[in-house]
$ cat start03.csv   # CSV, C-alpha atoms
chain,number,residue,atom,x,y,z
O,141,MET,CA,0.0,0.0,0.0
O,142,ARG,CA,1.5,3.3,-1.1
O,143,SER,CA,1.1,6.3,1.2
O,144,PRO,CA,0.1,9.7,-0.2
O,145,VAL,CA,2.2,11.3,2.5
O,146,ARG,CA,5.3,9.6,1.2
O,147,ASP,CA,4.5,10.9,-2.3
O,148,LEU,CA,4.3,14.4,-0.9
O,149,ALA,CA,7.6,14.0,0.9
O,150,GLN,CA,9.3,13.1,-2.4
O,151,LYS,CA,7.8,16.0,-4.2
O,152,ASP,CA,9.4,18.3,-1.6
O,153,GLY,CA,12.8,17.4,-3.0
O,154,GLU,CA,14.0,14.2,-1.3
O,155,GLU,CA,15.7,11.7,-3.4
O,156,SER,CA,13.7,8.7,-4.3
O,157,THR,CA,16.6,6.4,-3.3
O,158,ASP,CA,15.7,7.1,0.3
O,159,ARG,CA,13.0,4.5,0.0
O,160,THR,CA,15.6,1.9,1.2
O,161,PRO,CA,18.7,2.3,3.3
O,162,LEU,CA,20.9,0.6,0.7
O,163,LEU,CA,22.4,1.9,-2.4
O,164,PRO,CA,20.7,1.1,-5.7
O,165,GLY,CA,21.2,-2.5,-6.6
O,166,ALA,CA,22.6,-3.5,-3.2
O,167,PRO,CA,21.1,-6.7,-1.8
O,168,GLN,CA,18.9,-6.2,1.3
O,169,ALA,CA,19.0,-9.1,3.7
O,170,GLU,CA,15.9,-10.3,5.4
O,171,ALA,CA,15.6,-9.1,8.9
O,172,ALA,CA,17.2,-11.4,11.5
O,173,PRO,CA,14.9,-12.6,14.3
O,174,VAL,CA,14.4,-10.3,17.2
O,175,CYS,CA,14.1,-12.9,20.0
O,176,CYS,CA,17.5,-13.4,21.8
O,177,SER,CA,19.3,-11.3,19.2
O,178,ALA,CA,22.5,-9.5,20.1
O,179,ARG,CA,21.2,-6.1,18.9
O,180,TYR,CA,18.0,-6.3,21.1
O,181,ASN,CA,20.1,-7.6,24.0
O,182,LEU,CA,22.2,-4.4,23.6
O,183,ALA,CA,19.0,-2.3,23.5
O,184,ILE,CA,17.7,-3.9,26.8
O,185,LEU,CA,21.1,-3.5,28.5
O,186,ALA,CA,21.2,0.1,27.3
O,187,PHE,CA,17.7,0.6,28.6
O,188,PHE,CA,18.8,-0.5,32.1
O,189,GLY,CA,21.9,1.6,31.8
O,190,PHE,CA,19.9,4.8,31.2
O,191,PHE,CA,17.5,3.7,33.9
O,192,ILE,CA,20.4,3.6,36.4
O,193,VAL,CA,21.9,6.9,35.1
O,194,TYR,CA,18.7,8.8,35.7
O,195,ALA,CA,17.9,7.0,38.9
O,196,LEU,CA,21.3,8.3,40.2
O,197,ARG,CA,20.2,11.8,39.2
O,198,VAL,CA,16.9,11.6,41.0
O,199,ASN,CA,18.0,9.8,44.2
O,200,LEU,CA,20.3,12.7,45.1
O,201,SER,CA,17.2,15.0,45.1
O,202,VAL,CA,15.4,12.7,47.5
O,203,ALA,CA,18.3,12.0,49.8
O,204,LEU,CA,19.2,15.6,50.1
O,205,VAL,CA,16.0,16.1,52.1
O,206,ASP,CA,17.4,13.9,54.9
O,207,MET,CA,21.0,15.1,54.4
O,208,VAL,CA,20.5,18.8,54.8
O,209,ASP,CA,19.8,20.2,58.3
O,210,SER,CA,16.1,20.7,58.7
O,211,ASN,CA,16.8,23.9,60.7
O,212,THR,CA,18.3,25.8,57.7
O,213,THR,CA,16.8,29.1,56.9
O,214,LEU,CA,14.0,29.0,54.3
O,215,GLU,CA,14.3,31.1,51.2
O,216,ASP,CA,12.2,34.2,50.8
O,217,ASN,CA,8.7,33.3,49.6
O,218,ARG,CA,7.6,35.2,46.5
O,219,THR,CA,4.4,33.1,46.1
O,220,SER,CA,1.5,34.9,44.5
O,221,LYS,CA,-1.8,35.3,46.3
O,222,ALA,CA,-3.9,34.9,43.2
O,223,CYS,CA,-5.0,31.3,44.1
O,224,PRO,CA,-5.6,29.5,47.4
O,225,GLU,CA,-2.6,27.5,48.7
O,226,HIS,CA,-2.6,23.7,48.3
O,227,SER,CA,0.8,22.7,49.7
O,228,SER,CA,4.1,24.1,50.9
O,229,PRO,CA,7.1,24.4,48.5
O,230,ILE,CA,10.2,22.1,48.4
O,231,LYS,CA,13.4,22.4,46.4
O,232,VAL,CA,14.5,19.7,44.0
O,233,HIS,CA,18.1,19.3,42.8
O,234,HIS,CA,19.4,17.3,39.9
O,235,ASN,CA,23.0,16.4,38.9
O,236,GLN,CA,23.7,16.3,35.2
O,237,THR,CA,25.0,13.6,32.8
O,238,GLY,CA,26.6,14.5,29.4
O,239,VAL,CA,28.5,11.7,27.7
O,240,THR,CA,26.1,8.8,27.9
O,241,PHE,CA,23.9,9.8,24.9
O,242,PRO,CA,26.7,10.5,22.4
O,243,ALA,CA,28.5,7.3,23.5
O,244,MET,CA,25.3,5.3,22.9
O,245,HIS,CA,24.7,7.0,19.5
O,246,ALA,CA,28.3,5.9,18.5
O,247,MET,CA,27.5,2.3,19.6
O,248,TRP,CA,24.3,2.2,17.6
O,249,SER,CA,26.0,3.5,14.4
O,250,SER,CA,27.6,0.0,14.2
O,251,TRP,CA,24.7,-2.0,15.6
O,252,ALA,CA,21.3,-0.6,14.4
O,253,PRO,CA,20.1,-1.6,10.9
O,254,PRO,CA,18.6,1.5,9.3
O,255,LEU,CA,15.0,0.1,9.3
O,256,GLU,CA,15.2,-0.7,13.0
O,257,ARG,CA,16.9,2.5,14.3
O,258,SER,CA,13.7,4.0,15.8
O,259,LYS,CA,12.8,0.8,17.7
O,260,LEU,CA,16.3,0.1,19.1
O,261,LEU,CA,17.1,3.7,20.1
O,262,SER,CA,13.7,4.4,21.6
O,263,ILE,CA,14.0,1.2,23.7
O,264,SER,CA,17.5,2.3,24.9
O,265,TYR,CA,16.7,5.9,25.8
O,266,ALA,CA,13.3,5.2,27.3
O,267,GLY,CA,15.1,3.8,30.3
O,268,ALA,CA,15.9,7.3,31.3
O,269,GLN,CA,12.2,8.2,31.8
O,270,LEU,CA,11.4,4.9,33.6
O,271,GLY,CA,14.4,5.4,35.9
O,272,THR,CA,13.0,8.7,37.0
O,273,VAL,CA,9.5,7.3,37.6
O,274,ILE,CA,10.7,4.4,39.7
O,275,SER,CA,13.6,5.9,41.6
O,276,LEU,CA,11.6,8.9,42.9
O,277,PRO,CA,9.3,6.9,45.2
O,278,LEU,CA,11.8,4.1,45.8
O,279,SER,CA,14.4,6.5,47.1
O,280,GLY,CA,11.8,8.0,49.4
O,281,ILE,CA,10.8,4.5,50.8
O,282,ILE,CA,14.5,3.7,51.5
O,283,CYS,CA,15.0,7.0,53.3
O,284,TYR,CA,11.9,6.5,55.4
O,285,TYR,CA,12.4,2.9,56.5
O,286,MET,CA,16.2,2.8,56.5
O,287,ASN,CA,18.6,5.7,56.1
O,288,TRP,CA,19.6,8.2,53.3
O,289,THR,CA,23.0,6.5,53.0
O,290,TYR,CA,21.3,3.3,51.8
O,291,VAL,CA,19.9,5.1,48.8
O,292,PHE,CA,23.4,5.5,47.5
O,293,TYR,CA,24.4,2.0,48.5
O,294,PHE,CA,21.5,0.4,46.8
O,295,PHE,CA,21.7,2.3,43.5
O,296,GLY,CA,25.5,2.1,43.5
O,297,ALA,CA,25.4,-1.7,43.9
O,298,VAL,CA,22.8,-2.0,41.1
O,299,GLY,CA,25.0,0.2,38.9
O,300,ILE,CA,28.1,-2.0,39.5
O,301,PHE,CA,26.1,-5.1,38.7
O,302,TRP,CA,24.9,-3.6,35.5
O,303,PHE,CA,28.5,-2.6,34.6
O,304,LEU,CA,29.7,-6.2,35.0
O,305,LEU,CA,26.9,-7.4,32.7
O,306,TRP,CA,27.8,-4.7,30.2
O,307,ILE,CA,31.4,-5.6,30.1
O,308,TRP,CA,30.6,-9.3,29.8
O,309,LEU,CA,27.8,-9.2,27.2
O,310,VAL,CA,28.4,-6.1,25.0
O,311,SER,CA,30.9,-5.6,22.2
O,312,ASP,CA,31.7,-2.5,20.2
O,313,THR,CA,30.7,-4.0,16.9
O,314,PRO,CA,29.0,-7.1,15.5
O,315,GLN,CA,32.3,-8.3,14.2
O,316,THR,CA,33.8,-8.5,17.7
O,317,HIS,CA,30.8,-10.0,19.4
O,318,LYS,CA,31.4,-13.5,20.6
O,319,ARG,CA,27.8,-14.8,20.8
O,320,ILE,CA,26.1,-13.2,17.8
O,321,SER,CA,24.7,-15.6,15.2
O,322,HIS,CA,26.3,-15.5,11.8
O,323,TYR,CA,23.0,-14.7,10.2
O,324,GLU,CA,22.3,-11.7,12.4
O,325,LYS,CA,25.9,-10.4,12.0
O,326,GLU,CA,25.6,-10.6,8.2
O,327,TYR,CA,22.2,-8.9,8.3
O,328,ILE,CA,23.5,-5.9,10.3
O,329,LEU,CA,26.7,-5.6,8.3
O,330,SER,CA,24.9,-5.8,4.9
O,331,SER,CA,22.4,-3.2,6.0
O,332,LEU,CA,25.1,-0.8,7.0
O,333,ARG,CA,27.6,-1.6,4.3
O,334,ASN,CA,27.1,1.6,2.2
O,335,GLN,CA,26.5,3.9,5.1
O,336,LEU,CA,29.7,3.8,7.2
O,337,SER,CA,33.0,5.5,6.5
O,338,SER,CA,36.4,4.1,7.2
O,339,GLN,CA,38.1,7.5,7.3
O,340,LYS,CA,40.3,8.0,10.3
O,341,SER,CA,40.1,11.7,10.3
O,342,VAL,CA,36.9,13.6,11.2
O,343,PRO,CA,35.7,15.9,8.4
O,344,TRP,CA,35.1,18.9,10.7
O,345,VAL,CA,34.7,21.5,8.0
O,346,PRO,CA,32.0,19.6,6.0
O,347,ILE,CA,30.3,18.7,9.3
O,348,LEU,CA,30.1,22.4,10.5
O,349,LYS,CA,28.9,23.4,7.0
O,350,SER,CA,26.2,20.8,6.9
O,351,LEU,CA,22.7,22.4,6.9
O,352,PRO,CA,21.0,19.1,7.9
O,353,LEU,CA,23.1,19.1,11.0
O,354,TRP,CA,22.2,22.7,11.9
O,355,ALA,CA,18.5,21.7,11.3
O,356,ILE,CA,19.0,19.1,14.1
O,357,VAL,CA,20.8,21.7,16.3
O,358,VAL,CA,17.9,24.2,16.0
O,359,ALA,CA,15.3,21.5,16.6
O,360,HIS,CA,17.2,20.1,19.6
O,361,PHE,CA,17.7,23.6,21.1
O,362,SER,CA,14.0,24.5,20.6
O,363,TYR,CA,12.7,21.2,22.0
O,364,ASN,CA,14.9,21.6,25.1
O,365,TRP,CA,13.7,25.1,25.6
O,366,THR,CA,10.1,23.9,25.9
O,367,PHE,CA,11.2,20.7,27.8
O,368,TYR,CA,12.9,22.8,30.5
O,369,THR,CA,9.9,25.2,30.6
O,370,LEU,CA,7.5,22.2,31.1
O,371,LEU,CA,9.5,20.3,33.7
O,372,THR,CA,11.1,23.2,35.5
O,373,LEU,CA,9.2,26.5,35.0
O,374,LEU,CA,5.7,25.1,34.7
O,375,PRO,CA,5.9,23.5,38.2
O,376,THR,CA,7.2,26.9,39.4
O,377,TYR,CA,4.2,28.5,37.9
O,378,MET,CA,1.9,26.0,39.5
O,379,LYS,CA,3.7,26.6,42.9
O,380,GLU,CA,3.8,30.4,42.8
O,381,ILE,CA,0.6,31.2,40.9
O,382,LEU,CA,-1.7,28.2,41.5
O,383,ARG,CA,-0.1,27.5,44.9
O,384,PHE,CA,0.1,23.8,44.3
O,385,ASN,CA,3.4,22.0,44.4
O,386,VAL,CA,3.3,19.0,42.0
O,387,GLN,CA,6.7,17.8,43.2
O,388,GLU,CA,5.3,17.0,46.7
O,389,ASN,CA,3.0,14.4,45.2
O,390,GLY,CA,5.0,11.4,44.0
O,391,LEU,CA,2.3,10.1,41.6
O,392,LEU,CA,1.7,13.5,40.0
O,393,SER,CA,5.5,14.1,39.7
O,394,SER,CA,6.0,10.8,37.9
O,395,LEU,CA,3.1,11.1,35.4
O,396,PRO,CA,5.0,13.3,32.9
O,397,TYR,CA,7.9,10.9,32.8
O,398,LEU,CA,5.7,7.8,32.7
O,399,GLY,CA,3.8,9.3,29.7
O,400,SER,CA,7.0,10.2,27.9
O,401,TRP,CA,8.4,6.6,28.5
O,402,LEU,CA,5.3,5.0,27.0
O,403,CYS,CA,5.2,7.4,24.0
O,404,MET,CA,8.9,6.8,23.3
O,405,ILE,CA,8.4,3.0,23.2
O,406,LEU,CA,5.3,3.2,21.0
O,407,SER,CA,6.6,5.9,18.7
O,408,GLY,CA,9.7,3.9,18.0
O,409,GLN,CA,7.7,0.9,16.9
O,410,ALA,CA,5.3,3.1,14.8
O,411,ALA,CA,8.1,5.0,13.1
O,412,ASP,CA,9.9,1.8,11.8
O,413,ASN,CA,6.6,0.2,10.8
O,414,LEU,CA,5.8,3.3,8.7
O,415,ARG,CA,9.2,3.0,7.0
O,416,ALA,CA,9.4,-0.8,6.6
O,417,LYS,CA,5.7,-1.7,5.9
O,418,TRP,CA,4.1,1.5,4.6
O,419,ASN,CA,7.1,2.6,2.5
O,420,PHE,CA,7.4,6.0,4.1
O,421,SER,CA,10.7,7.7,3.5
O,422,THR,CA,13.1,8.2,6.4
O,423,LEU,CA,12.8,12.0,6.1
O,424,CYS,CA,9.0,11.9,6.0
O,425,VAL,CA,8.9,9.9,9.2
O,426,ARG,CA,11.4,12.2,11.0
O,427,ARG,CA,9.4,15.2,9.9
O,428,ILE,CA,6.0,13.8,11.1
O,429,PHE,CA,7.3,12.7,14.5
O,430,SER,CA,9.2,15.9,15.1
O,431,LEU,CA,6.2,18.1,14.2
O,432,ILE,CA,3.9,16.1,16.6
O,433,GLY,CA,6.6,16.1,19.3
O,434,MET,CA,7.3,19.8,19.2
O,435,ILE,CA,4.1,21.6,18.2
O,436,GLY,CA,1.9,19.4,20.4
O,437,PRO,CA,3.7,20.5,23.6
O,438,ALA,CA,3.8,24.1,22.5
O,439,ILE,CA,0.0,24.1,22.2
O,440,PHE,CA,-0.6,22.7,25.7
O,441,LEU,CA,2.1,25.0,27.2
O,442,VAL,CA,0.3,28.1,25.9
O,443,ALA,CA,-3.0,26.6,27.1
O,444,ALA,CA,-1.5,26.3,30.6
O,445,GLY,CA,-1.5,30.1,30.9
O,446,PHE,CA,-5.3,30.2,30.5
O,447,ILE,CA,-6.5,27.6,33.1
O,448,GLY,CA,-7.2,30.0,36.0
O,449,CYS,CA,-6.6,28.3,39.3
O,450,ASP,CA,-7.4,24.7,38.1
O,451,TYR,CA,-4.2,23.0,39.2
O,452,SER,CA,-5.5,19.5,38.2
O,453,LEU,CA,-5.8,20.8,34.6
O,454,ALA,CA,-2.3,22.2,34.8
O,455,VAL,CA,-1.0,18.7,35.8
O,456,ALA,CA,-3.0,17.2,32.9
O,457,PHE,CA,-1.5,19.7,30.4
O,458,LEU,CA,2.0,19.0,31.8
O,459,THR,CA,1.5,15.3,31.4
O,460,ILE,CA,0.1,15.5,27.9
O,461,SER,CA,2.8,17.9,26.7
O,462,THR,CA,5.7,15.7,27.9
O,463,THR,CA,4.0,12.6,26.6
O,464,LEU,CA,3.7,14.2,23.1
O,465,GLY,CA,7.3,15.2,23.4
O,466,GLY,CA,8.2,11.5,23.4
O,467,PHE,CA,7.5,11.5,19.6
O,468,CYS,CA,10.7,13.4,19.1
O,469,SER,CA,12.7,10.3,20.1
O,470,SER,CA,11.9,9.0,16.7
O,471,GLY,CA,12.2,12.3,15.0
O,472,PHE,CA,15.1,14.7,15.0
O,473,SER,CA,16.6,13.0,18.1
O,474,ILE,CA,18.0,10.1,16.1
O,475,ASN,CA,18.4,11.9,12.8
O,476,HIS,CA,22.2,12.0,13.5
O,477,LEU,CA,22.3,8.3,12.6
O,478,ASP,CA,20.4,9.0,9.4
O,479,ILE,CA,22.7,11.7,8.0
O,480,ALA,CA,26.1,10.5,9.3
O,481,PRO,CA,26.1,7.2,11.2
O,482,SER,CA,29.9,7.0,11.3
O,483,TYR,CA,30.0,10.4,13.2
O,484,ALA,CA,26.7,10.1,15.1
O,485,GLY,CA,28.3,10.4,18.5
O,486,ILE,CA,30.2,13.5,17.4
O,487,LEU,CA,27.0,15.1,15.9
O,488,LEU,CA,25.0,14.4,19.0
O,489,GLY,CA,27.8,15.9,21.1
O,490,ILE,CA,27.5,19.1,19.0
O,491,THR,CA,23.7,19.3,19.1
O,492,ASN,CA,23.5,18.4,22.8
O,493,THR,CA,26.0,21.2,23.6
O,494,PHE,CA,23.6,23.8,22.1
O,495,ALA,CA,20.7,22.0,23.6
O,496,THR,CA,22.0,22.6,27.2
O,497,ILE,CA,21.8,26.4,26.7
O,498,PRO,CA,18.0,26.6,27.4
O,499,GLY,CA,18.5,25.0,30.7
O,500,MET,CA,20.8,27.8,31.7
O,501,VAL,CA,19.2,30.7,29.9
O,502,GLY,CA,15.5,29.8,30.2
O,503,PRO,CA,15.0,30.1,33.9
O,504,VAL,CA,17.0,33.4,34.0
O,505,ILE,CA,14.8,34.9,31.2
O,506,ALA,CA,11.6,33.6,32.9
O,507,LYS,CA,12.6,35.2,36.2
O,508,SER,CA,13.3,38.6,34.5
O,509,LEU,CA,9.9,38.4,32.8
O,510,THR,CA,8.0,37.7,36.0
O,511,PRO,CA,9.0,40.4,38.5
O,512,GLU,CA,5.5,40.7,39.9
O,513,ASN,CA,4.6,37.0,39.4
O,514,THR,CA,1.3,37.7,37.6
O,515,VAL,CA,-0.6,35.4,35.3
O,516,GLY,CA,0.0,37.8,32.4
O,517,GLU,CA,3.8,37.7,32.9
O,518,TRP,CA,3.8,33.9,32.9
O,519,GLN,CA,1.7,33.8,29.8
O,520,THR,CA,4.6,35.7,28.1
O,521,VAL,CA,7.1,33.1,29.3
O,522,PHE,CA,4.9,30.3,27.8
O,523,TYR,CA,4.4,32.2,24.5
O,524,ILE,CA,8.1,32.6,24.0
O,525,ALA,CA,8.7,28.9,24.6
O,526,ALA,CA,5.9,27.9,22.3
O,527,VAL,CA,7.2,30.2,19.5
O,528,ILE,CA,10.7,28.8,19.8
O,529,ASN,CA,9.4,25.3,19.6
O,530,VAL,CA,7.3,25.9,16.6
O,531,PHE,CA,10.2,27.7,14.9
O,532,GLY,CA,12.4,24.7,15.6
O,533,ALA,CA,9.9,22.2,14.2
O,534,ILE,CA,9.5,24.3,11.0
O,535,PHE,CA,13.2,24.7,10.5
O,536,PHE,CA,13.9,21.0,10.8
O,537,THR,CA,11.0,20.2,8.4
O,538,LEU,CA,12.4,22.6,5.8
O,539,PHE,CA,16.1,21.7,6.1
O,540,GLY,CA,16.4,18.2,7.7
O,541,LYS,CA,17.5,15.2,5.6
O,542,GLY,CA,16.9,11.5,5.9
O,543,GLU,CA,19.8,10.2,3.8
O,544,VAL,CA,23.6,9.8,4.5
O,545,GLN,CA,25.4,12.9,3.5
O,546,SER,CA,28.2,12.8,1.0
O,547,TRP,CA,30.8,14.0,3.5
O,548,ALA,CA,30.0,11.1,5.8
O,549,LEU,CA,31.1,8.5,3.2
O,550,ASN,CA,34.5,7.4,2.1
O,551,ASP,CA,33.8,8.8,-1.4
O,552,HIS,CA,32.6,12.3,-1.1
O,553,HIS,CA,31.2,12.1,-4.6
O,554,GLY,CA,29.5,8.8,-4.1
O,555,HIS,CA,25.8,8.1,-3.8
O,556,ARG,CA,23.9,9.8,-0.9
O,557,HIS,CA,21.2,7.7,0.5
$ encode --input "start03.csv" --output "structure tokens"
Amino acid sequence: MRSPVRDLAQKDGEESTDRTPLLPGAPQAEAAPVCCSARYNLAILAFFGFFIVYALRVNLSVALVDMVDSNTTLEDNRTSKACPEHSSPIKVHHNQTGVTFPAMHAMWSSWAPPLERSKLLSISYAGAQLGTVISLPLSGIICYYMNWTYVFYFFGAVGIFWFLLWIWLVSDTPQTHKRISHYEKEYILSSLRNQLSSQKSVPWVPILKSLPLWAIVVAHFSYNWTFYTLLTLLPTYMKEILRFNVQENGLLSSLPYLGSWLCMILSGQAADNLRAKWNFSTLCVRRIFSLIGMIGPAIFLVAAGFIGCDYSLAVAFLTISTTLGGFCSSGFSINHLDIAPSYAGILLGITNTFATIPGMVGPVIAKSLTPENTVGEWQTVFYIAAVINVFGAIFFTLFGKGEVQSWALNDHHGHRH
């Protein structure tokens, strides 16, 4: 069955060769079985790896409540009086991780067949969301019934156990894996044969001149601006305007992450099915999922400024927005592997560097725009985030690509596909 959306995407200027991940005339091996396969074992181990990474981020926030002296002076309260108070404020801290995602992208450049990228990467990275959901209440239970030190002992021991499994079961490439079947190894290698480069030097100048890369940079920056607004500034708005602290309710705090986890898993399956079974081009799928994952949250973010004092509706909008954001995991978030699989880790390092800026700049701008803490001032904050997100979605739609770029291949004048 041929999709009219695919036809539209090709009319927009994408090469028809993007229909398959291989060069014209190259044989495409039948997909190797999923069950007990080395590539899906890698995805599951990566899932638990990101689970642990983000659990370690969250448990510090919970343990700090017991670690810090309860008699410390409270911060000045700037809470608005527009709505009746529902709870008292607390402060949540997070430590940061920076190298894990580029490292995993580099791994998948050798392991993920092009028509399974969305599935494999969404499974891997979804562990981050579930790690947040589970570690938040679990850390609280450990602190309550035992001691805050056991939070670090428990998650530290789990992390060490995972590390031993990773060293034992994972290899850098299919060629060096000791337990992979011959059929699966040939399937992976044949699907990537015309996509990887053996160049030892990194083509920095072509990379920095690549418009498709800057399309990802703009999308990543824009998405993170709204992401930080949703998960950092919107709870602040709810606390200071609606006078309800969502972070004090464990269930409500976990809902946005739970929704994002579920959406990431499902969108990864859907994206690859559209490409493999419905013959959608890679670029068409990346565009569709990026548009849904960026414009959807923008709409609900703006709507959050017009809900009055209905904090339950604010929680619903926050959950829906972050859930829709999960579509981006099969959109621009993995587009690095589409345009330059050999340098995917480097590209993600570049885009992720720019994407951290909103986390530093966004709260400062929001604070400067809300001196009186009024609803109107916060609406301006939400408008700015929404406009930035929509701009990023449009920019990626116009300038993103779904095929390997010429500079990412051994022969810069070879086929791009």
$ residues_near_point --input "start03.csv" --point "(30.4, -13.2, 26.5)" --cutoff "8 Å" --atoms "all atoms listed in the file" --output "list in words"
Trp308, Leu309, Val310, His317, Lys318 and Arg319 of chain O
$ closest_residue --input "start03.csv" --among "O:Gly542, O:Pro346, O:Gly433, O:Pro173" --to "Cys468 of chain O" --atoms "all atoms listed in the file"
O:Gly433
$ residues_around --input "start03.csv" --residues "segment 190-197 of chain O" --least-positions-apart "3" --cutoff "8 Å" --atoms "all atoms listed in the file" --output "PyMOL selection string"
chain O and resi 186-187+200-201+234-237+264-272+274-276+295+298-299
$ write_last_selection --input "start03.csv" --atoms "C-alpha atoms" --output "compact mmCIF listing (two decimals), in the coordinates of the input"
# COMPACT_ATOMS: atom_id res chain seq x y z
CA ALA O 186 21.20 0.10 27.30
CA PHE O 187 17.70 0.60 28.60
CA LEU O 200 20.30 12.70 45.10
CA SER O 201 17.20 15.00 45.10
CA HIS O 234 19.40 17.30 39.90
CA ASN O 235 23.00 16.40 38.90
CA GLN O 236 23.70 16.30 35.20
CA THR O 237 25.00 13.60 32.80
CA SER O 264 17.50 2.30 24.90
CA TYR O 265 16.70 5.90 25.80
CA ALA O 266 13.30 5.20 27.30
CA GLY O 267 15.10 3.80 30.30
CA ALA O 268 15.90 7.30 31.30
CA GLN O 269 12.20 8.20 31.80
CA LEU O 270 11.40 4.90 33.60
CA GLY O 271 14.40 5.40 35.90
CA THR O 272 13.00 8.70 37.00
CA ILE O 274 10.70 4.40 39.70
CA SER O 275 13.60 5.90 41.60
CA LEU O 276 11.60 8.90 42.90
CA PHE O 295 21.70 2.30 43.50
CA VAL O 298 22.80 -2.00 41.10
CA GLY O 299 25.00 0.20 38.90
$ closest_residue --input "start03.csv" --among "O:Leu371, O:Ala172, O:Val515, O:Ile381" --to "Phe446 of chain O" --atoms "only C-alpha atoms"
O:Val515
$ residues_around --input "start03.csv" --residues "Lys541 of chain O" --least-positions-apart "2" --cutoff "6 Å" --atoms "all atoms listed in the file" --output "list in words"
Pro352, Leu423 and Glu543 of chain O
$ write_last_selection --input "start03.csv" --atoms "C-alpha atoms" --output "short mmCIF file (atom, residue, chain, number, x, y, z; two decimals), in the coordinates of the input"
data_model
loop_
_atom_site.label_atom_id
_atom_site.label_comp_id
_atom_site.auth_asym_id
_atom_site.auth_seq_id
_atom_site.Cartn_x
_atom_site.Cartn_y
_atom_site.Cartn_z
CA PRO O 352 21.00 19.10 7.90
CA LEU O 423 12.80 12.00 6.10
CA GLU O 543 19.80 10.20 3.80
#
$ closest_residue --input "start03.csv" --among "O:Val425, O:Leu398, O:Ala443, O:Ala359" --to "Thr463 of chain O" --atoms "all atoms listed in the file"
O:Leu398
$ closest_residue --input "start03.csv" --among "O:Gln409, O:Ser362, O:Thr289, O:Ser421" --to "Phe531 of chain O" --atoms "only C-alpha atoms"
O:Ser362
$ closest_residue --input "start03.csv" --among "O:Pro396, O:Gly296, O:Pro254, O:Gly502" --to "Leu373 of chain O" --atoms "only C-alpha atoms"
O:Gly502
$ residues_around --input "start03.csv" --residues "Gly448 of chain O" --least-positions-apart "2" --cutoff "10 Å" --atoms "only C-alpha atoms" --output "PyMOL selection string"
chain O and resi 222-223+381-382+444-446+450-451+453-454+515
$ closest_residue --input "start03.csv" --among "O:Asn287, O:Ser330, O:Thr369, O:Ser407" --to "Met500 of chain O" --atoms "only C-alpha atoms"
O:Thr369
$ atom_distance --input "start03.csv" --atom1 "atom CA of Thr459 of chain O" --atom2 "atom CA of Phe535 of chain O"
25.7 Å
$ residues_around --input "start03.csv" --residues "segment 413-415 of chain O" --least-positions-apart "2" --cutoff "9 Å" --atoms "all atoms listed in the file" --output "JSON, numbers by chain"
{"O": [159, 160, 255, 256, 408, 409, 410, 411, 417, 418, 419, 420, 421, 422, 424, 425]}
$ residues_around --input "start03.csv" --residues "Ala525 of chain O" --least-positions-apart "3" --cutoff "9 Å" --atoms "only C-alpha atoms" --output "ChimeraX atom specification"
/O:362,365-366,369,438,441-442,502,520-522,528-530
$ closest_atom_pairs --input "start03.csv" --of "segment 423-520 of chain O" --to "segment 545-548 of chain O" --cutoff "8 Å" --atoms "all atoms listed in the file" --output "CSV"
residue,atom,partner,partner_atom,distance
O:Ile479,CA,O:Gln545,CA,5.4
O:Ala480,CA,O:Ala548,CA,5.3
O:Pro481,CA,O:Ala548,CA,7.7
O:Ser482,CA,O:Ala548,CA,6.9
O:Tyr483,CA,O:Ala548,CA,7.4
$ atom_distance --input "start03.csv" --atom1 "atom CA of Leu406 of chain O" --atom2 "atom CA of Tyr363 of chain O"
19.5 Å
$ atom_distance --input "start03.csv" --atom1 "atom CA of Thr510 of chain O" --atom2 "atom CA of Val357 of chain O"
28.4 Å
$ build_atoms --input "start03.csv" --residues "segment 431-438 of chain O" --atoms "N, CA and C atoms" --output "compact mmCIF listing (two decimals), in the coordinates of the input"
# COMPACT_ATOMS: atom_id res chain seq x y z
N LEU O 431 7.28 17.09 14.19
CA LEU O 431 6.20 18.10 14.20
C LEU O 431 5.22 17.77 15.36
N ILE O 432 4.86 16.50 15.51
CA ILE O 432 3.90 16.10 16.60
C ILE O 432 4.61 16.37 17.95
N GLY O 433 5.88 15.98 18.07
CA GLY O 433 6.60 16.10 19.30
C GLY O 433 6.98 17.47 19.74
N MET O 434 6.89 18.44 18.83
CA MET O 434 7.30 19.80 19.20
C MET O 434 6.08 20.77 19.17
N ILE O 435 5.21 20.66 18.20
CA ILE O 435 4.10 21.60 18.20
C ILE O 435 3.02 21.19 19.19
N GLY O 436 2.85 19.88 19.43
CA GLY O 436 1.90 19.40 20.40
C GLY O 436 2.18 20.02 21.82
N PRO O 437 3.41 19.86 22.34
CA PRO O 437 3.70 20.50 23.60
C PRO O 437 3.59 21.98 23.65
N ALA O 438 3.90 22.64 22.52
CA ALA O 438 3.80 24.10 22.50
C ALA O 438 2.33 24.54 22.67
